[in-house]
Every structure is written in C-alpha cells, then in structure tokens.
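Shown next: my_file.cif, given as mmCIF, C-alpha atoms.
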data_start
#
loop_
_atom_site.group_PDB
_atom_site.id
_atom_site.type_symbol
_atom_site.label_atom_id
_atom_site.label_comp_id
_atom_site.auth_asym_id
_atom_site.auth_seq_id
_atom_site.Cartn_x
_atom_site.Cartn_y
_atom_site.Cartn_z
ATOM 1 C CA MET Y 7 50.100 12.602 166.250
ATOM 2 C CA ARG Y 8 46.460 12.507 167.284
ATOM 3 C CA MET Y 9 44.730 15.881 167.422
ATOM 4 C CA ALA Y 10 42.749 16.917 170.472
ATOM 5 C CA PRO Y 11 38.973 17.158 169.920
ATOM 6 C CA SER Y 12 39.055 20.954 170.119
ATOM 7 C CA SER Y 13 41.793 21.099 167.465
ATOM 8 C CA ILE Y 14 39.783 18.828 165.160
ATOM 9 C CA TRP Y 15 36.751 21.062 165.654
ATOM 10 C CA GLU Y 16 38.725 24.215 164.857
ATOM 11 C CA LYS Y 17 40.210 22.661 161.730
ATOM 12 C CA ASN Y 18 36.767 21.555 160.617
ATOM 13 C CA MET Y 19 35.338 25.031 161.185
ATOM 14 C CA ARG Y 20 38.042 26.659 159.076
ATOM 15 C CA SER Y 21 37.335 24.167 156.335
ATOM 16 C CA LYS Y 22 33.628 24.897 156.511
ATOM 17 C CA LYS Y 23 34.307 28.608 156.230
ATOM 18 C CA GLU Y 24 36.421 28.056 153.144
ATOM 19 C CA CYS Y 25 33.699 25.949 151.511
ATOM 20 C CA ARG Y 26 31.038 28.524 152.313
ATOM 21 C CA LYS Y 27 33.197 31.291 150.874
ATOM 22 C CA GLU Y 28 33.785 29.382 147.628
ATOM 23 C CA ALA Y 29 30.129 28.413 147.117
ATOM 24 C CA LEU Y 30 28.805 31.876 147.960
ATOM 25 C CA ALA Y 31 31.313 33.480 145.596
ATOM 26 C CA ARG Y 32 30.119 31.193 142.810
ATOM 27 C CA ARG Y 33 26.486 32.000 143.572
ATOM 28 C CA ALA Y 34 27.183 35.730 143.607
ATOM 29 C CA LEU Y 35 28.545 35.503 140.039
ATOM 30 C CA MET Y 36 25.149 34.427 138.702
ATOM 31 C CA SER Y 37 23.233 37.188 136.958
ATOM 32 C CA ALA Y 38 19.698 38.054 138.039
ATOM 33 C CA LYS Y 39 18.406 36.458 134.828
ATOM 34 C CA GLU Y 40 20.365 33.261 135.466
ATOM 35 C CA ARG Y 41 18.993 33.041 139.001
ATOM 36 C CA GLU Y 42 15.461 33.639 137.784
ATOM 37 C CA THR Y 43 15.676 30.970 135.076
ATOM 38 C CA ALA Y 44 17.353 28.432 137.367
ATOM 39 C CA GLY Y 45 14.864 29.217 140.128
ATOM 40 C CA ARG Y 46 11.918 28.440 137.844
ATOM 41 C CA ARG Y 47 13.439 25.084 136.907
ATOM 42 C CA ILE Y 48 14.066 24.221 140.551
ATOM 43 C CA THR Y 49 10.487 25.135 141.439
ATOM 44 C CA ASP Y 50 9.130 23.009 138.583
ATOM 45 C CA PHE Y 51 11.165 19.981 139.662
ATOM 46 C CA LEU Y 52 10.010 20.427 143.237
ATOM 47 C CA ARG Y 53 6.318 20.805 142.395
ATOM 48 C CA ASP Y 54 6.452 17.558 140.398
ATOM 49 C CA SER Y 55 7.914 15.637 143.343
ATOM 50 C CA GLU Y 56 5.904 13.216 145.435
ATOM 51 C CA GLU Y 57 7.084 14.918 148.630
ATOM 52 C CA TYR Y 58 5.613 18.242 147.536
ATOM 53 C CA GLN Y 59 2.390 16.855 146.126
ATOM 54 C CA LEU Y 60 1.629 14.838 149.274
ATOM 55 C CA ALA Y 61 2.624 17.566 151.712
ATOM 56 C CA GLU Y 62 -0.142 19.289 153.648
ATOM 57 C CA LYS Y 63 2.263 21.746 155.279
ATOM 58 C CA ILE Y 64 5.236 23.379 153.538
ATOM 59 C CA LEU Y 65 7.983 24.877 155.707
ATOM 60 C CA VAL Y 66 9.930 27.185 153.426
ATOM 61 C CA TYR Y 67 12.448 29.980 153.874
ATOM 62 C CA ALA Y 68 11.668 33.393 152.402
ATOM 63 C CA SER Y 69 14.480 33.905 149.902
ATOM 64 C CA TYR Y 70 16.968 36.677 150.572
ATOM 65 C CA ARG Y 71 19.417 38.343 148.197
ATOM 66 C CA ASP Y 72 20.854 35.745 145.776
ATOM 67 C CA GLU Y 73 19.376 32.580 147.317
ATOM 68 C CA VAL Y 74 17.224 30.220 145.253
ATOM 69 C CA PRO Y 75 14.015 32.290 144.936
ATOM 70 C CA THR Y 76 10.984 30.990 146.826
ATOM 71 C CA TYR Y 77 8.272 33.625 146.498
ATOM 72 C CA ASP Y 78 6.667 32.026 143.418
ATOM 73 C CA LEU Y 79 6.780 28.709 145.227
ATOM 74 C CA ILE Y 80 5.120 30.228 148.306
ATOM 75 C CA GLU Y 81 2.364 31.828 146.237
ATOM 76 C CA GLY Y 82 1.766 28.599 144.313
ATOM 77 C CA ALA Y 83 1.516 26.516 147.475
ATOM 78 C CA LEU Y 84 -0.975 28.983 148.959
ATOM 79 C CA ARG Y 85 -3.114 28.832 145.806
ATOM 80 C CA GLU Y 86 -3.115 25.038 146.038
ATOM 81 C CA GLY Y 87 -4.495 25.207 149.566
ATOM 82 C CA LYS Y 88 -1.357 24.035 151.333
ATOM 83 C CA GLN Y 89 -0.445 25.482 154.703
ATOM 84 C CA VAL Y 90 2.740 27.529 154.326
ATOM 85 C CA PHE Y 91 5.092 28.248 157.231
ATOM 86 C CA CYS Y 92 8.162 30.510 157.192
ATOM 87 C CA PRO Y 93 10.989 30.712 159.746
ATOM 88 C CA LYS Y 94 11.576 33.373 162.371
ATOM 89 C CA ILE Y 95 14.682 33.675 164.545
ATOM 90 C CA GLU Y 96 13.763 34.364 168.162
ATOM 91 C CA GLY Y 97 15.607 35.017 171.407
ATOM 92 C CA GLN Y 98 18.728 36.901 172.368
ATOM 93 C CA ALA Y 99 22.329 36.411 171.234
ATOM 94 C CA GLY Y 100 23.691 33.134 172.541
ATOM 95 C CA ALA Y 101 20.235 31.604 172.956
ATOM 96 C CA ARG Y 102 18.573 32.130 169.581
ATOM 97 C CA THR Y 103 16.201 29.529 168.166
ATOM 98 C CA MET Y 104 14.279 29.162 164.919
ATOM 99 C CA SER Y 105 10.525 28.653 164.854
ATOM 100 C CA PHE Y 106 8.107 28.502 161.925
ATOM 101 C CA TYR Y 107 4.862 30.471 161.662
ATOM 102 C CA ARG Y 108 2.050 30.078 159.170
ATOM 103 C CA ILE Y 109 1.551 32.834 156.616
ATOM 104 C CA MET Y 110 -1.577 33.470 154.565
ATOM 105 C CA ASP Y 111 0.071 35.893 152.143
ATOM 106 C CA PRO Y 112 3.683 36.776 151.242
ATOM 107 C CA GLU Y 113 2.901 40.342 152.340
ATOM 108 C CA GLU Y 114 2.953 39.026 155.916
ATOM 109 C CA LEU Y 115 6.741 38.797 155.582
ATOM 110 C CA GLN Y 116 8.889 41.750 156.638
ATOM 111 C CA ASP Y 117 12.588 42.312 157.296
ATOM 112 C CA GLY Y 118 13.634 40.509 160.473
ATOM 113 C CA PHE Y 119 16.827 38.901 161.808
ATOM 114 C CA GLN Y 120 19.811 40.242 159.829
ATOM 115 C CA GLY Y 121 17.395 41.723 157.292
ATOM 116 C CA ILE Y 122 15.952 38.332 156.313
ATOM 117 C CA PRO Y 123 12.171 38.345 155.624
ATOM 118 C CA GLU Y 124 10.204 36.788 158.511
ATOM 119 C CA PRO Y 125 6.520 36.405 159.460
ATOM 120 C CA VAL Y 126 5.072 39.336 161.392
ATOM 121 C CA VAL Y 127 1.720 37.755 162.367
ATOM 122 C CA LEU Y 128 2.563 35.208 165.067
ATOM 123 C CA LYS Y 129 -0.385 34.662 167.398
ATOM 124 C CA GLY Y 130 -2.029 31.308 166.750
ATOM 125 C CA ARG Y 131 0.290 30.589 163.815
ATOM 126 C CA HIS Y 132 3.096 28.545 165.457
ATOM 127 C CA TYR Y 133 4.164 25.289 163.795
ATOM 128 C CA GLU Y 134 4.161 22.380 166.236
ATOM 129 C CA THR Y 135 7.091 20.014 165.779
ATOM 130 C CA GLY Y 136 6.826 16.272 166.258
ATOM 131 C CA LYS Y 137 6.328 13.294 163.977
ATOM 132 C CA ASN Y 138 4.883 15.266 161.071
ATOM 133 C CA SER Y 139 4.886 12.717 158.259
ATOM 134 C CA ARG Y 140 2.866 14.802 155.772
ATOM 135 C CA ASP Y 141 5.021 17.910 156.132
ATOM 136 C CA LEU Y 142 7.885 19.129 153.940
ATOM 137 C CA ILE Y 143 10.851 21.208 155.078
ATOM 138 C CA LEU Y 144 12.624 23.133 152.312
ATOM 139 C CA MET Y 145 16.160 23.871 153.431
ATOM 140 C CA PRO Y 146 18.434 26.674 152.225
ATOM 141 C CA GLY Y 147 22.200 26.464 152.442
ATOM 142 C CA THR Y 148 25.496 27.831 151.252
ATOM 143 C CA ALA Y 149 27.157 24.664 149.922
ATOM 144 C CA PHE Y 150 26.267 21.027 149.243
ATOM 145 C CA ASP Y 151 27.888 17.896 147.864
ATOM 146 C CA ARG Y 152 26.591 14.791 146.091
ATOM 147 C CA GLN Y 153 26.519 12.804 149.328
ATOM 148 C CA ARG Y 154 23.882 15.347 150.464
ATOM 149 C CA ARG Y 155 26.135 17.026 153.012
ATOM 150 C CA ARG Y 156 24.970 20.556 153.655
ATOM 151 C CA LEU Y 157 26.548 23.726 154.991
ATOM 152 C CA GLY Y 158 24.167 26.353 156.290
ATOM 153 C CA TYR Y 159 25.099 29.874 157.290
ATOM 154 C CA GLY Y 160 26.808 28.856 160.524
ATOM 155 C CA GLY Y 161 24.001 29.231 163.056
ATOM 156 C CA GLY Y 162 22.916 25.587 163.150
ATOM 157 C CA PHE Y 163 19.248 26.632 163.128
ATOM 158 C CA TYR Y 164 18.042 24.070 160.586
ATOM 159 C CA ASP Y 165 20.051 21.229 162.125
ATOM 160 C CA ARG Y 166 18.419 21.824 165.509
ATOM 161 C CA PHE Y 167 14.968 22.349 164.060
ATOM 162 C CA CYS Y 168 15.047 19.196 161.909
ATOM 163 C CA ARG Y 169 15.938 17.089 164.931
ATOM 164 C CA ARG Y 170 12.700 18.311 166.538
ATOM 165 C CA ALA Y 171 10.571 17.900 163.412
ATOM 166 C CA GLN Y 172 11.054 14.161 163.034
ATOM 167 C CA GLY Y 173 9.106 12.535 160.252
ATOM 168 C CA ALA Y 174 8.918 15.597 157.989
ATOM 169 C CA ALA Y 175 10.533 15.227 154.576
ATOM 170 C CA ARG Y 176 13.669 17.346 154.016
ATOM 171 C CA ILE Y 177 14.584 18.764 150.614
ATOM 172 C CA ALA Y 178 17.302 21.347 150.013
ATOM 173 C CA LEU Y 179 17.162 23.917 147.227
ATOM 174 C CA CYS Y 180 20.386 25.099 145.599
ATOM 175 C CA PHE Y 181 21.966 26.149 142.348
ATOM 176 C CA ASP Y 182 24.375 23.845 140.508
ATOM 177 C CA CYS Y 183 27.241 26.215 141.301
ATOM 178 C CA GLN Y 184 26.788 25.572 145.042
ATOM 179 C CA VAL Y 185 27.501 21.836 144.700
ATOM 180 C CA LEU Y 186 31.128 21.204 145.642
ATOM 181 C CA GLU Y 187 33.150 18.005 145.411
ATOM 182 C CA GLU Y 188 33.144 17.182 149.131
ATOM 183 C CA LEU Y 189 32.208 19.002 152.324
ATOM 184 C CA PRO Y 190 33.263 18.535 155.945
ATOM 185 C CA GLU Y 191 30.587 17.267 158.298
ATOM 186 C CA GLU Y 192 30.000 17.031 162.034
ATOM 187 C CA GLU Y 193 27.836 14.619 163.990
ATOM 188 C CA THR Y 194 25.295 17.363 164.673
ATOM 189 C CA ASP Y 195 24.805 18.185 160.974
ATOM 190 C CA ILE Y 196 21.529 17.045 159.400
ATOM 191 C CA ARG Y 197 21.516 16.067 155.740
ATOM 192 C CA PRO Y 198 18.521 16.699 153.486
ATOM 193 C CA GLU Y 199 16.988 13.544 152.071
ATOM 194 C CA ARG Y 200 17.233 15.010 148.591
ATOM 195 C CA ILE Y 201 18.654 18.127 146.922
ATOM 196 C CA VAL Y 202 17.126 19.789 143.874
ATOM 197 C CA THR Y 203 19.071 22.057 141.517
ATOM 198 C CA GLU Y 204 18.248 23.471 138.091
ATOM 199 C CA SER Y 205 19.741 20.284 136.596
ATOM 200 C CA GLY Y 206 17.596 17.886 138.614
ATOM 201 C CA TRP Y 207 17.791 15.770 141.750
ATOM 202 C CA ILE Y 208 20.656 14.655 143.987
#

Here is a file; write its structure as structure tokens.
Amino acid sequence: MRMAPSSIWEKNMRSKKECRKEALARRALMSAKERETAGRRITDFLRDSEEYQLAEKILVYASYRDEVPTYDLIEGALREGKQVFCPKIEGQAGARTMSFYRIMDPEELQDGFQGIPEPVVLKGRHYETGKNSRDLILMPGTAFDRQRRRLGYGGGFYDRFCRRAQGAARIALCFDCQVLEELPEEETDIRPERIVTESGWI
C-alpha cells in the first residue's frame, strides 16, 4: 500500500530523530581529551586542503559543548588574514533565518540563540550571499554517512543558507563516531562536498 506524502514525511522525521539521538550519544561519550586530540587532527587536515588554502572568506560555526572545536581554527584563519564569518540566528519563532557576520576576534562571540556563541558586532559585517567561488562554508551536524548525507539539528538553517550561497565550497566537520551506516534524506537537504574527520576525508 502506497503511503501518503505526509505519512512518508513523518516516518522520515522519526528516522532522522533516531539517527540524531544515536550519533549525539556516541559523541557525548568522548572524553574532553579525545575531543581535543581529534579536533586538532581535523583542523590539520582542513588547513592542508585546497579549499581552505584558496578561500578568502571562511564561514565557520563557533563550536558549542561537544561539537568539533573550531576556536583554534578561527584564530588561525584570522592570523592568516582570511575573513572569518560566524552564524547568527535572527527573527522570531516560525520565521527564523541564519545569517553570517564577520568577526575580527573570537571575543566578539557571545551566547546567543539557545546559548550558542554568536557575533555581537553586526553593523557593516553582514556576509552577502551569491556566487562566492572563493568562499568556504564549514558545516556542523549531528550525523553523517559515507555518501555525504548530513543531519543537522533540525532547524534546516544550513540547508537554506547553502542554497543562497551558491558557488561556495562546503565541508562538514565531524568526529568518526558521528558517521553512521546510512541516513535518511529529503529533497531539501544539502550535502557537503566533503567531510573531514580525525581519520581523514570522506
């Protein structure tokens, strides 16, 4: 019997929730030392990549809790003279969007949406989307697979933003433990072009 579109969507959402729960539970089991060591390896792989070295603008999340750490990466990119942009969630419930704003120092990040660090200096710092071929978007996520499917945190912010920022390279950062065998996917989901873990590239 063929399922109605709404039933397919609901089944897919439950499956996504299960995958998120599994991957986040695995990530939470990592010790602080394990995350630090893995994070350094991920950063080293990324800095050696052509996408990073050619990028003039780096769009990178400010790591929160047990995510792949990004503060060393942010500081390194600033020292190298790259323009660094971090995301900020704007708008009211039901109409929230994600924009990126340039930061000159990690101290310009303070607790924002759901406690996640966000830029506080906004005027004149907005990232303009378009065909930005020399830019690099570094994507967080909860779970990934080897076909580069990605599950975010459920808000769809990166999927919508990446559709607007056409031409920018997309790389996801994750720990090995977040890579599952296979993930569900919807037409609106945007895959990263590559994924980097502490073991290397997918």

Where does range 122-207 of chain Y meet range 82-90 of chain Y within 10 Å, residue by residue, with the nearest atom pair and distance in Å to one decimal for each, counting all atoms listed in the file, listed by chain and rising number, as CSV?
residue,atom,partner,partner_atom,distance
Y:Tyr133,CA,Y:Val90,CA,9.8
Y:Asp141,CA,Y:Gln89,CA,9.4
Y:Leu142,CA,Y:Val90,CA,9.9

May I have the residues within 7 Å of Arg33 in chain Y as a ChimeraX atom specification, using only C-alpha atoms and disregarding those fewer than 3 positions away in the same chain? /Y:29-30,36,183-184

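Comparing Y:Ile95, Y:Met110, Y:Val202, Y:Leu144 by their smallest distance to Gly161 in chain Y, the closest is Y:Ile95 (using all atoms listed in the file).
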
If the PyMOL selection byres ((chain Y and resi 146) around 6) were run on this exact file, what residues would it hold? Put them as a ChimeraX atom specification. /Y:145,147,178-179

To one decimal place in Å, what is the distance between CA of Ala61 in chain Y and CA of Gln172 in chain Y? 14.5 Å

Hey, what's within 12 Å of Asp195 in chain Y if we count only C-alpha atoms and toss same-chain stuff fewer than 4 positions away? As JSON, numbers by chain, please? {"Y": [22, 154, 155, 156, 157, 158, 160, 161, 162, 163, 164, 165, 166, 167, 168, 169, 189, 190, 191]}

Using the structure just given, write a file holding N, CA and C atoms for range 52-99 of chain Y, as a compact mmCIF listing (two decimals), in the first residue's frame.
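What ended up in result_38.txt:
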# COMPACT_ATOMS: atom_id res chain seq x y z
N LEU Y 52 42.05 19.95 7.54
CA LEU Y 52 41.34 21.03 6.87
C LEU Y 52 42.30 22.10 6.37
N ARG Y 53 43.23 22.51 7.21
CA ARG Y 53 44.18 23.56 6.82
C ARG Y 53 45.04 23.16 5.64
N ASP Y 54 45.27 21.85 5.47
CA ASP Y 54 46.07 21.36 4.34
C ASP Y 54 45.27 21.27 3.05
N SER Y 55 43.96 21.44 3.14
CA SER Y 55 43.11 21.24 1.96
C SER Y 55 43.18 22.44 1.01
N GLU Y 56 42.97 22.14 -0.26
CA GLU Y 56 42.97 23.21 -1.27
C GLU Y 56 41.84 24.20 -1.03
N GLU Y 57 40.68 23.68 -0.60
CA GLU Y 57 39.53 24.56 -0.36
C GLU Y 57 39.87 25.62 0.69
N TYR Y 58 40.52 25.19 1.77
CA TYR Y 58 40.87 26.13 2.83
C TYR Y 58 41.94 27.10 2.35
N GLN Y 59 42.98 26.59 1.73
CA GLN Y 59 44.10 27.44 1.35
C GLN Y 59 43.70 28.50 0.32
N LEU Y 60 42.75 28.18 -0.56
CA LEU Y 60 42.33 29.13 -1.57
C LEU Y 60 41.25 30.09 -1.08
N ALA Y 61 40.61 29.74 0.02
CA ALA Y 61 39.47 30.53 0.48
C ALA Y 61 39.91 31.90 0.98
N GLU Y 62 39.17 32.92 0.57
CA GLU Y 62 39.39 34.28 1.08
C GLU Y 62 38.49 34.55 2.28
N LYS Y 63 37.31 33.89 2.26
CA LYS Y 63 36.35 34.05 3.36
C LYS Y 63 36.00 32.67 3.90
N ILE Y 64 36.06 32.54 5.23
CA ILE Y 64 35.73 31.29 5.91
C ILE Y 64 34.46 31.52 6.72
N LEU Y 65 33.43 30.74 6.44
CA LEU Y 65 32.18 30.80 7.19
C LEU Y 65 32.16 29.60 8.12
N VAL Y 66 32.30 29.84 9.42
CA VAL Y 66 32.51 28.75 10.35
C VAL Y 66 31.67 28.94 11.61
N TYR Y 67 31.06 27.85 12.06
CA TYR Y 67 30.29 27.90 13.30
C TYR Y 67 31.24 28.03 14.49
N ALA Y 68 30.77 28.69 15.53
CA ALA Y 68 31.50 28.75 16.80
C ALA Y 68 31.09 27.53 17.61
N SER Y 69 32.03 26.64 17.87
CA SER Y 69 31.71 25.35 18.48
C SER Y 69 31.07 25.51 19.85
N TYR Y 70 30.17 24.58 20.14
CA TYR Y 70 29.34 24.64 21.34
C TYR Y 70 29.31 23.25 21.96
N ARG Y 71 29.54 23.21 23.26
CA ARG Y 71 29.53 21.95 24.01
C ARG Y 71 30.49 20.94 23.39
N ASP Y 72 29.98 19.76 22.94
CA ASP Y 72 30.89 18.70 22.50
C ASP Y 72 31.01 18.60 20.98
N GLU Y 73 30.74 19.70 20.27
CA GLU Y 73 30.96 19.72 18.82
C GLU Y 73 32.46 19.70 18.51
N VAL Y 74 32.79 19.40 17.24
CA VAL Y 74 34.18 19.54 16.80
C VAL Y 74 34.63 20.97 17.10
N PRO Y 75 35.70 21.15 17.88
CA PRO Y 75 36.11 22.50 18.28
C PRO Y 75 36.59 23.33 17.09
N THR Y 76 36.24 24.62 17.10
CA THR Y 76 36.61 25.49 15.99
C THR Y 76 37.36 26.75 16.41
N TYR Y 77 37.56 26.97 17.69
CA TYR Y 77 38.17 28.24 18.09
C TYR Y 77 39.63 28.35 17.64
N ASP Y 78 40.40 27.27 17.69
CA ASP Y 78 41.77 27.31 17.17
C ASP Y 78 41.76 27.57 15.67
N LEU Y 79 40.81 26.97 14.99
CA LEU Y 79 40.68 27.19 13.55
C LEU Y 79 40.37 28.65 13.24
N ILE Y 80 39.44 29.23 14.01
CA ILE Y 80 39.07 30.63 13.83
C ILE Y 80 40.28 31.53 14.05
N GLU Y 81 41.01 31.30 15.13
CA GLU Y 81 42.16 32.14 15.44
C GLU Y 81 43.24 32.00 14.37
N GLY Y 82 43.45 30.77 13.87
CA GLY Y 82 44.44 30.56 12.83
C GLY Y 82 44.08 31.26 11.54
N ALA Y 83 42.80 31.18 11.16
CA ALA Y 83 42.36 31.84 9.93
C ALA Y 83 42.51 33.35 10.03
N LEU Y 84 42.21 33.91 11.21
CA LEU Y 84 42.38 35.35 11.40
C LEU Y 84 43.86 35.74 11.30
N ARG Y 85 44.75 34.95 11.86
CA ARG Y 85 46.18 35.24 11.78
C ARG Y 85 46.66 35.21 10.33
N GLU Y 86 46.07 34.33 9.53
CA GLU Y 86 46.47 34.20 8.13
C GLU Y 86 45.88 35.29 7.25
N GLY Y 87 45.06 36.16 7.82
CA GLY Y 87 44.50 37.26 7.05
C GLY Y 87 43.22 36.91 6.32
N LYS Y 88 42.63 35.77 6.62
CA LYS Y 88 41.36 35.42 6.00
C LYS Y 88 40.23 36.16 6.69
N GLN Y 89 39.17 36.42 5.96
CA GLN Y 89 37.97 37.00 6.57
C GLN Y 89 37.15 35.86 7.18
N VAL Y 90 36.81 36.00 8.44
CA VAL Y 90 36.10 34.94 9.16
C VAL Y 90 34.70 35.44 9.50
N PHE Y 91 33.70 34.61 9.17
CA PHE Y 91 32.30 34.92 9.43
C PHE Y 91 31.70 33.81 10.28
N CYS Y 92 30.88 34.18 11.26
CA CYS Y 92 30.20 33.21 12.11
C CYS Y 92 28.68 33.43 12.03
N PRO Y 93 27.91 32.37 12.26
CA PRO Y 93 26.46 32.47 12.08
C PRO Y 93 25.73 33.09 13.26
N LYS Y 94 24.60 33.72 12.94
CA LYS Y 94 23.70 34.27 13.95
C LYS Y 94 22.27 33.95 13.52
N ILE Y 95 21.48 33.42 14.43
CA ILE Y 95 20.08 33.13 14.16
C ILE Y 95 19.27 34.39 14.47
N GLU Y 96 18.46 34.80 13.50
CA GLU Y 96 17.70 36.04 13.63
C GLU Y 96 16.22 35.79 13.37
N GLY Y 97 15.38 36.69 13.86
CA GLY Y 97 13.95 36.58 13.65
C GLY Y 97 13.23 35.91 14.80
N GLN Y 98 11.92 35.83 14.67
CA GLN Y 98 11.07 35.26 15.70
C GLN Y 98 10.75 33.80 15.38
N ALA Y 99 10.23 33.08 16.36
CA ALA Y 99 9.86 31.68 16.19
C ALA Y 99 8.92 31.54 15.00
